[in-house]
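Printed here is final-v2.cif (mmCIF, C-alpha atoms):
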data_target
#
loop_
_atom_site.group_PDB
_atom_site.id
_atom_site.type_symbol
_atom_site.label_atom_id
_atom_site.label_comp_id
_atom_site.auth_asym_id
_atom_site.auth_seq_id
_atom_site.Cartn_x
_atom_site.Cartn_y
_atom_site.Cartn_z
ATOM 1 C CA MET T 1062 -11.472 -16.592 40.213
ATOM 2 C CA VAL T 1063 -10.436 -18.580 37.154
ATOM 3 C CA GLU T 1064 -10.659 -22.143 35.945
ATOM 4 C CA GLN T 1065 -7.865 -24.349 34.698
ATOM 5 C CA ALA T 1066 -7.196 -24.345 30.969
ATOM 6 C CA GLY T 1067 -9.553 -26.624 29.107
ATOM 7 C CA GLY T 1068 -12.454 -26.102 31.524
ATOM 8 C CA ALA T 1069 -15.827 -25.575 29.871
ATOM 9 C CA GLY T 1070 -16.255 -21.859 29.345
ATOM 10 C CA GLY T 1071 -13.481 -21.097 31.832
ATOM 11 C CA ILE T 1072 -10.569 -18.656 31.665
ATOM 12 C CA SER T 1073 -7.104 -20.153 32.051
ATOM 13 C CA GLU T 1074 -4.463 -18.700 34.370
ATOM 14 C CA GLU T 1075 -2.513 -17.504 31.326
ATOM 15 C CA GLU T 1076 -5.576 -15.737 29.925
ATOM 16 C CA ALA T 1077 -6.390 -14.206 33.308
ATOM 17 C CA ALA T 1078 -2.904 -12.697 33.420
ATOM 18 C CA GLN T 1079 -3.087 -11.534 29.792
ATOM 19 C CA TYR T 1080 -6.513 -9.903 30.112
ATOM 20 C CA ASP T 1081 -6.281 -8.789 33.755
ATOM 21 C CA ARG T 1082 -6.888 -5.082 33.130
ATOM 22 C CA GLN T 1083 -9.912 -5.546 30.885
ATOM 23 C CA ILE T 1084 -11.429 -8.207 33.163
ATOM 24 C CA ARG T 1085 -11.322 -5.581 35.909
ATOM 25 C CA LEU T 1086 -13.056 -3.188 33.531
ATOM 26 C CA TRP T 1087 -15.936 -5.282 32.155
ATOM 27 C CA GLY T 1088 -15.916 -8.439 34.286
ATOM 28 C CA LEU T 1089 -15.113 -12.122 33.929
ATOM 29 C CA GLU T 1090 -18.418 -13.069 32.281
ATOM 30 C CA ALA T 1091 -17.910 -10.524 29.484
ATOM 31 C CA GLN T 1092 -14.401 -11.865 28.904
ATOM 32 C CA ARG T 1093 -15.780 -15.420 28.674
ATOM 33 C CA ARG T 1094 -18.207 -14.292 25.992
ATOM 34 C CA LEU T 1095 -15.420 -12.576 24.071
ATOM 35 C CA ARG T 1096 -13.293 -15.708 24.352
ATOM 36 C CA ALA T 1097 -16.072 -17.773 22.741
ATOM 37 C CA SER T 1098 -16.723 -15.359 19.851
ATOM 38 C CA ARG T 1099 -15.654 -15.795 16.229
ATOM 39 C CA VAL T 1100 -15.594 -12.638 14.130
ATOM 40 C CA LEU T 1101 -15.436 -12.012 10.387
ATOM 41 C CA LEU T 1102 -13.697 -8.773 9.389
ATOM 42 C CA VAL T 1103 -13.982 -7.693 5.741
ATOM 43 C CA GLY T 1104 -11.620 -5.089 4.274
ATOM 44 C CA MET T 1105 -8.022 -4.762 5.460
ATOM 45 C CA LYS T 1106 -7.259 -1.120 4.772
ATOM 46 C CA GLY T 1107 -6.505 1.402 7.527
ATOM 47 C CA LEU T 1108 -9.813 1.067 9.389
ATOM 48 C CA GLY T 1109 -9.830 -2.723 9.063
ATOM 49 C CA ALA T 1110 -6.340 -2.940 10.573
ATOM 50 C CA GLU T 1111 -7.412 -0.888 13.593
ATOM 51 C CA VAL T 1112 -10.527 -3.016 14.133
ATOM 52 C CA ALA T 1113 -8.461 -6.209 13.801
ATOM 53 C CA LYS T 1114 -5.922 -4.978 16.347
ATOM 54 C CA ASN T 1115 -8.611 -4.123 18.901
ATOM 55 C CA LEU T 1116 -10.430 -7.446 18.494
ATOM 56 C CA ILE T 1117 -7.246 -9.504 18.745
ATOM 57 C CA LEU T 1118 -6.001 -7.684 21.839
ATOM 58 C CA ALA T 1119 -9.451 -7.988 23.440
ATOM 59 C CA GLY T 1120 -9.164 -11.773 23.204
ATOM 60 C CA VAL T 1121 -11.833 -13.102 20.847
ATOM 61 C CA LYS T 1122 -11.649 -16.813 20.055
ATOM 62 C CA GLY T 1123 -11.037 -16.368 16.347
ATOM 63 C CA LEU T 1124 -10.764 -13.618 13.745
ATOM 64 C CA THR T 1125 -11.013 -14.143 9.988
ATOM 65 C CA MET T 1126 -9.675 -11.269 7.870
ATOM 66 C CA LEU T 1127 -11.234 -11.317 4.401
ATOM 67 C CA ASP T 1128 -9.961 -9.145 1.543
ATOM 68 C CA HIS T 1129 -9.507 -9.959 -2.153
ATOM 69 C CA GLN T 1130 -7.574 -6.809 -3.019
ATOM 70 C CA GLN T 1131 -3.813 -6.471 -3.448
ATOM 71 C CA VAL T 1132 -1.554 -4.249 -1.354
ATOM 72 C CA SER T 1133 -0.958 -0.815 -2.885
ATOM 73 C CA LYS T 1134 1.705 1.771 -2.040
ATOM 74 C CA GLU T 1135 -0.901 3.743 -0.103
ATOM 75 C CA ASP T 1136 -1.701 0.665 2.009
ATOM 76 C CA THR T 1137 1.921 0.379 3.171
ATOM 77 C CA ARG T 1138 1.659 3.905 4.602
ATOM 78 C CA ALA T 1139 -1.834 3.650 6.128
ATOM 79 C CA GLN T 1140 -2.057 0.017 7.262
ATOM 80 C CA PHE T 1141 0.333 -0.864 10.108
ATOM 81 C CA LEU T 1142 -0.169 -4.643 9.846
ATOM 82 C CA ILE T 1143 1.317 -4.770 6.339
ATOM 83 C CA PRO T 1144 5.145 -5.044 6.287
ATOM 84 C CA VAL T 1145 7.334 -3.089 3.890
ATOM 85 C CA GLY T 1146 7.830 -4.793 0.548
ATOM 86 C CA SER T 1147 4.352 -6.330 0.385
ATOM 87 C CA VAL T 1148 3.062 -4.388 -2.638
ATOM 88 C CA GLY T 1149 1.196 -6.759 -4.928
ATOM 89 C CA ARG T 1150 0.417 -9.345 -2.242
ATOM 90 C CA ASN T 1151 -3.101 -10.035 -1.013
ATOM 91 C CA ARG T 1152 -3.994 -7.554 1.751
ATOM 92 C CA ALA T 1153 -5.414 -10.131 4.161
ATOM 93 C CA GLU T 1154 -2.506 -12.536 3.748
ATOM 94 C CA ALA T 1155 0.058 -9.739 4.066
ATOM 95 C CA SER T 1156 -1.564 -8.669 7.378
ATOM 96 C CA LEU T 1157 -1.686 -12.161 8.882
ATOM 97 C CA GLU T 1158 1.759 -12.467 10.489
ATOM 98 C CA ARG T 1159 1.730 -9.173 12.375
ATOM 99 C CA ALA T 1160 -1.899 -9.665 13.368
ATOM 100 C CA GLN T 1161 -1.195 -13.100 14.831
ATOM 101 C CA ASN T 1162 1.846 -11.792 16.738
ATOM 102 C CA LEU T 1163 -0.388 -9.341 18.592
ATOM 103 C CA ASN T 1164 -1.950 -12.193 20.577
ATOM 104 C CA PRO T 1165 -0.948 -15.859 20.044
ATOM 105 C CA MET T 1166 -4.013 -16.998 22.028
ATOM 106 C CA VAL T 1167 -6.359 -15.819 19.241
ATOM 107 C CA GLU T 1168 -6.863 -17.873 16.071
ATOM 108 C CA VAL T 1169 -6.237 -15.451 13.214
ATOM 109 C CA ARG T 1170 -6.952 -16.499 9.614
ATOM 110 C CA ALA T 1171 -6.652 -14.766 6.242
ATOM 111 C CA ASP T 1172 -9.173 -15.314 3.453
ATOM 112 C CA PRO T 1173 -8.160 -13.891 0.031
ATOM 113 C CA GLU T 1174 -11.562 -14.419 -1.621
ATOM 114 C CA ASN T 1175 -14.139 -11.804 -2.581
ATOM 115 C CA ILE T 1176 -17.040 -11.432 -0.150
ATOM 116 C CA GLU T 1177 -19.432 -11.243 -3.107
ATOM 117 C CA SER T 1178 -18.550 -14.849 -3.969
ATOM 118 C CA LYS T 1179 -19.416 -16.172 -0.513
ATOM 119 C CA ALA T 1180 -22.551 -18.276 -0.031
ATOM 120 C CA GLU T 1181 -24.981 -17.488 2.790
ATOM 121 C CA ASP T 1182 -23.863 -20.547 4.772
ATOM 122 C CA PHE T 1183 -20.347 -19.091 4.997
ATOM 123 C CA PHE T 1184 -21.511 -16.441 7.478
ATOM 124 C CA ALA T 1185 -23.172 -18.964 9.820
ATOM 125 C CA GLN T 1186 -19.824 -19.901 11.413
ATOM 126 C CA PHE T 1187 -19.381 -16.409 12.891
ATOM 127 C CA ASP T 1188 -20.917 -14.682 15.898
ATOM 128 C CA ALA T 1189 -20.303 -11.204 14.495
ATOM 129 C CA VAL T 1190 -19.556 -9.749 11.065
ATOM 130 C CA CYS T 1191 -17.846 -6.400 10.501
ATOM 131 C CA LEU T 1192 -17.646 -4.858 7.016
ATOM 132 C CA THR T 1193 -15.338 -2.085 5.820
ATOM 133 C CA CYS T 1194 -14.543 -0.923 2.269
ATOM 134 C CA CYS T 1195 -17.760 -2.511 0.960
ATOM 135 C CA SER T 1196 -20.343 -1.200 -1.469
ATOM 136 C CA ARG T 1197 -23.846 -0.317 -0.376
ATOM 137 C CA CYS T 1198 -25.433 -3.324 -2.045
ATOM 138 C CA VAL T 1199 -22.969 -5.702 -0.339
ATOM 139 C CA MET T 1200 -23.643 -4.134 3.053
ATOM 140 C CA VAL T 1201 -27.410 -4.420 2.630
ATOM 141 C CA LYS T 1202 -27.139 -8.019 1.424
ATOM 142 C CA VAL T 1203 -24.826 -9.196 4.236
ATOM 143 C CA ASP T 1204 -26.890 -7.361 6.850
ATOM 144 C CA GLN T 1205 -29.982 -9.211 5.606
ATOM 145 C CA ILE T 1206 -28.172 -12.568 5.892
ATOM 146 C CA CYS T 1207 -26.882 -11.787 9.379
ATOM 147 C CA HIS T 1208 -30.310 -10.599 10.513
ATOM 148 C CA GLU T 1209 -31.936 -13.841 9.397
ATOM 149 C CA LYS T 1210 -29.251 -15.975 11.058
ATOM 150 C CA GLY T 1211 -29.075 -13.999 14.318
ATOM 151 C CA ILE T 1212 -25.506 -12.768 13.724
ATOM 152 C CA LYS T 1213 -24.373 -9.386 15.045
ATOM 153 C CA PHE T 1214 -23.649 -7.012 12.158
ATOM 154 C CA PHE T 1215 -21.419 -3.936 12.008
ATOM 155 C CA THR T 1216 -20.304 -1.833 9.065
ATOM 156 C CA GLY T 1217 -18.414 1.412 8.656
ATOM 157 C CA ASP T 1218 -15.765 3.293 6.749
ATOM 158 C CA VAL T 1219 -13.614 6.406 6.933
ATOM 159 C CA PHE T 1220 -13.038 9.002 4.211
ATOM 160 C CA GLY T 1221 -10.576 11.671 5.316
ATOM 161 C CA TYR T 1222 -12.281 13.640 8.098
ATOM 162 C CA TYR T 1223 -15.605 11.876 7.536
ATOM 163 C CA GLY T 1224 -16.779 8.430 8.523
ATOM 164 C CA TYR T 1225 -19.866 6.398 9.342
ATOM 165 C CA MET T 1226 -20.828 3.248 11.186
ATOM 166 C CA PHE T 1227 -23.944 1.120 11.505
ATOM 167 C CA ALA T 1228 -24.801 -1.683 13.919
ATOM 168 C CA ASN T 1229 -27.588 -4.260 13.796
ATOM 169 C CA LEU T 1230 -27.618 -6.326 16.992
ATOM 170 C CA GLY T 1231 -31.126 -7.670 16.441
ATOM 171 C CA ALA T 1232 -32.988 -8.072 19.737
ATOM 172 C CA HIS T 1233 -30.421 -6.776 22.225
ATOM 173 C CA GLU T 1234 -30.907 -7.154 25.971
ATOM 174 C CA PHE T 1235 -28.916 -5.067 28.425
ATOM 175 C CA VAL T 1236 -28.967 -3.884 32.035
ATOM 176 C CA GLU T 1237 -29.112 -0.239 33.058
ATOM 177 C CA GLU T 1238 -28.503 1.201 36.497
ATOM 178 C CA LYS T 1239 -31.333 3.469 37.666
ATOM 179 C CA THR T 1240 -31.642 5.678 40.737
ATOM 180 C CA LYS T 1241 -34.629 4.932 42.939
ATOM 181 C CA VAL T 1242 -36.870 7.968 43.324
ATOM 182 C CA SER T 1243 -38.183 8.382 46.876
ATOM 183 C CA LYS T 1244 -41.551 10.074 47.276
ATOM 184 C CA ALA T 1245 -41.660 13.006 49.691
ATOM 185 C CA SER T 1246 -43.888 12.492 52.735
ATOM 186 C CA GLN T 1247 -46.662 14.954 53.453
ATOM 187 C CA GLY T 1248 -45.786 17.612 55.981
ATOM 188 C CA VAL T 1249 -42.040 17.161 55.522
ATOM 189 C CA GLU T 1250 -40.038 20.268 54.668
ATOM 190 C CA ASP T 1251 -38.679 20.153 51.119
ATOM 191 C CA GLY T 1252 -35.785 22.615 51.422
ATOM 192 C CA PRO T 1253 -32.206 22.431 50.090
ATOM 193 C CA GLU T 1254 -30.953 20.367 53.057
ATOM 194 C CA THR T 1255 -33.750 17.825 52.567
ATOM 195 C CA LYS T 1256 -32.953 17.501 48.870
ATOM 196 C CA LYS T 1257 -29.263 17.042 49.671
ATOM 197 C CA ALA T 1258 -30.060 14.286 52.132
ATOM 198 C CA LYS T 1259 -32.256 12.540 49.556
ATOM 199 C CA LEU T 1260 -29.454 12.728 46.987
ATOM 200 C CA GLU T 1261 -26.831 11.335 49.342
ATOM 201 C CA SER T 1262 -29.017 8.431 50.459
ATOM 202 C CA ALA T 1263 -30.278 7.593 46.975
ATOM 203 C CA GLU T 1264 -30.399 3.901 46.176
ATOM 204 C CA THR T 1265 -29.853 2.371 42.771
ATOM 205 C CA THR T 1266 -31.417 -0.622 41.120
ATOM 206 C CA MET T 1267 -30.558 -2.605 37.995
ATOM 207 C CA VAL T 1268 -33.231 -2.484 35.305
ATOM 208 C CA LYS T 1269 -33.247 -5.012 32.460
ATOM 209 C CA LYS T 1270 -34.061 -3.512 29.073
ATOM 210 C CA ARG T 1271 -34.483 -4.743 25.518
ATOM 211 C CA ALA T 1272 -33.744 -2.846 22.311
ATOM 212 C CA MET T 1273 -34.682 -3.817 18.762
ATOM 213 C CA PHE T 1274 -32.212 -2.780 16.054
ATOM 214 C CA CYS T 1275 -33.414 -2.103 12.522
ATOM 215 C CA GLN T 1276 -31.817 -3.409 9.352
ATOM 216 C CA LEU T 1277 -29.578 -1.266 7.170
ATOM 217 C CA LYS T 1278 -32.053 -1.146 4.279
ATOM 218 C CA GLU T 1279 -34.662 0.255 6.678
ATOM 219 C CA ALA T 1280 -32.258 2.860 8.064
ATOM 220 C CA LEU T 1281 -31.552 4.087 4.527
ATOM 221 C CA ALA T 1282 -35.207 4.126 3.432
ATOM 222 C CA VAL T 1283 -36.668 6.782 5.728
ATOM 223 C CA ASP T 1284 -39.733 8.593 4.377
ATOM 224 C CA TRP T 1285 -38.878 12.213 5.124
ATOM 225 C CA HIS T 1286 -42.442 13.276 4.294
ATOM 226 C CA SER T 1287 -43.766 11.803 7.546
ATOM 227 C CA GLU T 1288 -44.288 14.087 10.533
ATOM 228 C CA LYS T 1289 -42.184 11.846 12.760
ATOM 229 C CA ALA T 1290 -39.233 12.023 10.366
ATOM 230 C CA LYS T 1291 -39.532 15.786 9.995
ATOM 231 C CA ALA T 1292 -39.408 16.151 13.768
ATOM 232 C CA ALA T 1293 -36.290 13.979 13.923
ATOM 233 C CA LEU T 1294 -34.524 15.910 11.150
ATOM 234 C CA LYS T 1295 -33.059 18.467 13.546
ATOM 235 C CA ARG T 1296 -31.474 15.655 15.580
ATOM 236 C CA THR T 1297 -30.163 13.834 12.505
ATOM 237 C CA ALA T 1298 -26.459 14.228 11.776
ATOM 238 C CA PRO T 1299 -25.870 15.824 8.344
ATOM 239 C CA ASP T 1300 -23.457 13.012 7.493
ATOM 240 C CA TYR T 1301 -26.405 10.599 7.334
ATOM 241 C CA PHE T 1302 -27.386 12.209 4.032
ATOM 242 C CA LEU T 1303 -23.992 11.360 2.566
ATOM 243 C CA LEU T 1304 -25.484 7.910 2.060
ATOM 244 C CA GLN T 1305 -28.267 9.282 -0.116
ATOM 245 C CA GLY T 1306 -28.773 10.947 -3.479
ATOM 246 C CA SER T 1307 -26.586 13.034 -5.819
ATOM 247 C CA VAL T 1308 -25.077 16.373 -4.848
ATOM 248 C CA PRO T 1309 -22.479 18.651 -6.445
ATOM 249 C CA ALA T 1310 -18.819 17.887 -5.859
ATOM 250 C CA GLY T 1311 -17.281 19.871 -3.009
ATOM 251 C CA SER T 1312 -20.531 20.327 -1.069
ATOM 252 C CA THR T 1313 -20.230 20.536 2.701
ATOM 253 C CA PRO T 1314 -22.477 18.434 4.982
ATOM 254 C CA GLN T 1315 -24.337 21.631 5.913
ATOM 255 C CA GLN T 1316 -25.011 22.412 2.246
ATOM 256 C CA LEU T 1317 -26.083 18.824 1.698
ATOM 257 C CA LEU T 1318 -28.529 18.952 4.602
ATOM 258 C CA LEU T 1319 -29.959 22.235 3.321
ATOM 259 C CA LEU T 1320 -30.376 20.706 -0.135
ATOM 260 C CA ARG T 1321 -32.233 17.707 1.304
ATOM 261 C CA ARG T 1322 -34.515 20.001 3.335
ATOM 262 C CA ARG T 1323 -35.373 22.047 0.271
ATOM 263 C CA GLN T 1324 -36.086 18.916 -1.729
ATOM 264 C CA GLY T 1325 -38.351 17.715 1.054
ATOM 265 C CA GLU T 1326 -40.203 21.037 1.096
ATOM 266 C CA ARG T 1327 -40.781 20.735 -2.670
ATOM 267 C CA GLY T 1328 -42.077 17.207 -2.204
ATOM 268 C CA GLY T 1329 -39.121 15.680 -3.971
ATOM 269 C CA GLY T 1330 -38.040 13.537 -1.033
ATOM 270 C CA VAL T 1331 -34.622 11.911 -1.038
ATOM 271 C CA PRO T 1332 -33.570 10.774 -4.520
ATOM 272 C CA ARG T 1333 -32.364 7.221 -5.066
ATOM 273 C CA SER T 1334 -29.623 8.131 -7.523
ATOM 274 C CA PRO T 1335 -26.007 7.361 -6.587
ATOM 275 C CA LEU T 1336 -24.214 9.755 -4.283
ATOM 276 C CA SER T 1337 -21.628 11.957 -6.013
ATOM 277 C CA TRP T 1338 -19.471 13.849 -3.585
ATOM 278 C CA ALA T 1339 -15.807 14.777 -3.249
ATOM 279 C CA LEU T 1340 -14.222 15.425 0.139
ATOM 280 C CA PRO T 1341 -13.334 19.120 0.564
ATOM 281 C CA ALA T 1342 -10.194 18.104 2.489
ATOM 282 C CA ALA T 1343 -8.908 16.187 -0.529
ATOM 283 C CA GLY T 1344 -8.862 19.300 -2.685
ATOM 284 C CA VAL T 1345 -9.911 17.311 -5.758
ATOM 285 C CA PRO T 1346 -12.802 18.564 -7.950
ATOM 286 C CA THR T 1347 -13.556 15.075 -9.298
ATOM 287 C CA GLU T 1348 -16.892 13.586 -8.261
ATOM 288 C CA SER T 1349 -17.063 10.057 -6.843
ATOM 289 C CA SER T 1350 -19.363 7.759 -4.934
ATOM 290 C CA LEU T 1351 -18.807 7.741 -1.180
ATOM 291 C CA LEU T 1352 -20.610 4.579 -0.150
ATOM 292 C CA GLY T 1353 -17.905 2.034 -0.833
ATOM 293 C CA CYS T 1354 -18.172 2.160 -4.611
ATOM 294 C CA ALA T 1355 -15.137 4.444 -4.713
ATOM 295 C CA SER T 1356 -11.714 3.804 -3.245
ATOM 296 C CA PHE T 1357 -10.179 6.791 -1.449
ATOM 297 C CA PRO T 1358 -6.354 6.499 -1.352
ATOM 298 C CA ALA T 1359 -4.411 8.081 1.482
ATOM 299 C CA ARG T 1360 -3.344 10.938 -0.786
ATOM 300 C CA ALA T 1361 -5.448 13.408 -2.736
ATOM 301 C CA GLY T 1362 -6.227 11.313 -5.816
ATOM 302 C CA LEU T 1363 -9.549 9.491 -6.175
ATOM 303 C CA ALA T 1364 -9.806 6.102 -7.875
ATOM 304 C CA LEU T 1365 -13.273 5.246 -9.148
ATOM 305 C CA ARG T 1366 -14.623 1.741 -9.458
ATOM 306 C CA GLY T 1367 -18.145 0.310 -9.723
ATOM 307 C CA CYS T 1368 -19.433 -2.444 -7.489
ATOM 308 C CA ARG T 1369 -21.243 -4.087 -10.428
ATOM 309 C CA CYS T 1370 -24.321 -5.368 -8.673
ATOM 310 C CA PRO T 1371 -27.006 -6.210 -11.259
ATOM 311 C CA SER T 1372 -29.659 -6.625 -8.571
ATOM 312 C CA SER T 1373 -29.441 -3.018 -7.394
ATOM 313 C CA GLN T 1374 -27.725 -0.854 -10.014
ATOM 314 C CA SER T 1375 -29.685 2.198 -8.908
ATOM 315 C CA LEU T 1376 -28.239 1.941 -5.410
ATOM 316 C CA CYS T 1377 -24.591 1.168 -5.895
ATOM 317 C CA GLN T 1378 -23.350 1.998 -9.370
ATOM 318 C CA SER T 1379 -20.550 4.560 -9.118
ATOM 319 C CA GLU T 1380 -20.111 7.633 -11.277
ATOM 320 C CA GLY T 1381 -16.965 6.094 -12.754
ATOM 321 C CA GLU T 1382 -18.854 3.339 -14.595
#
Representation of the structure as structure tokens:
Amino acid sequence: MVEQAGGAGGISEEEAAQYDRQIRLWGLEAQRRLRASRVLLVGMKGLGAEVAKNLILAGVKGLTMLDHQQVSKEDTRAQFLIPVGSVGRNRAEASLERAQNLNPMVEVRADPENIESKAEDFFAQFDAVCLTCCSRCVMVKVDQICHEKGIKFFTGDVFGYYGYMFANLGAHEFVEEKTKVSKASQGVEDGPETKKAKLESAETTMVKKRAMFCQLKEALAVDWHSEKAKAALKRTAPDYFLLQGSVPAGSTPQQLLLLRRRQGERGGGVPRSPLSWALPAAGVPTESSLLGCASFPARAGLALRGCRCPSSQSLCQSEGE
């Protein structure tokens, strides 16, 4: 059931036809919420292009692609929204035409400015912010702004075979389907047939839940000396430690995790120095910073650049400075 175009919060007949398959998947109400959402996407390299494509096809109200960098030769091979012959153009502006053609019903804009030059009020116009290709200090700063303004925050990046993502949805409410557990009556046989009958006649109920997401600075500031953290270490992905400390170039995640454990046993904790790590798949012995302070081209070479953040040099200054 749809409303005519222009109805308050309704889905037009054209939109219902366009998004028919996904409406069947997640429902009309979810599609309405998508239709009313404005998203800021920062960083239009390979990962940014994929995120932009998915958001535009899903049918958000508006998408702003922000990137102050110019198109390189590597971008033309790894970023499908950039047409041939765009080397030297702004990445966001070069991606605009193909991005808009994916779905004319979505307002797609390109912003060629640097995210570091944006005032806090700039982010208030968006319902969600997604960062890629950003330094650690920028991610922490924008996450703090979004947390204070009640904006959903996502960040992530990909480096060869490795990648990471983080989400801060604030106070997030959701519904979970639970199976009602029936208590066995006294004197009733509890054999296999009885259990099968209970399973077949099981009823389900919808339970409303609420989850509180932490901020990025909190997720990166875990005290590994605490008993709770030590217990969680076995369940922690080794790649988490790629966001922390300095390690030798060419180290595997397993070696990195072992190094962190040994440092913890010696009481050293997790150092705050910049991460120096080269991807084994790249086959390059040069060290570089993984957390956005280094640019990883599609080929083997590594280009180093510092994020130049005076407020937190110890967190985000790259080895190339």
Pull the neighbourhood of (-12.6, -17.6, 27.1) for me: all residues within 6 Å in file coordinates, counting all atoms listed in the file, as a list in words.
-> Gly1071, Ile1072, Arg1093, Arg1096 and Ala1097 of chain T
Compile the contact shell of range 1135-1146 of chain T as a PyMOL selection string: residues with an atom at most 10 Å away, counting all atoms listed in the file, same-chain residues fewer than 2 positions apart removed.
-> chain T and resi 1105-1111+1113-1114+1131-1133+1148-1150+1152-1161+1163+1357-1360
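We find CA of Leu1116 in chain T and CA of Glu1168 in chain T to be spaced 11.3 Å apart.
If you measure from each of T:Gly1104, T:Glu1264, T:Ala1171, T:Gly1088 to Ser1196 in chain T using only C-alpha atoms, the closest one turns out to be T:Gly1104.
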Neighbour list for range 1180-1194 of chain T as a PyMOL selection string, cut-off 7 Å, only C-alpha atoms, skip fewer than 6 positions in-chain | chain T and resi 1098-1104+1109+1206+1210+1212-1218+1353
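Nearest residue to Ala1280 in chain T among T:Phe1235, T:Trp1087, T:Tyr1222, T:Tyr1301 is T:Tyr1301, counting all atoms listed in the file.
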Looking at only C-alpha atoms, which of T:Met1166, T:Lys1179, T:Met1126, T:Asp1284 is the one that sits closest to Val1199 in chain T?
-> T:Lys1179
Starting from the shown file, work through the PyMOL selection byres ((chain T and resi 1271) around 9) and note down what comes out as a list in words.
-> Ala1232, His1233, Glu1234, Phe1235, Val1236, Lys1269, Lys1270, Ala1272 and Met1273 of chain T
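In this structure, CA of Cys1198 in chain T sits 24.1 Å away from CA of Ala1290 in chain T.
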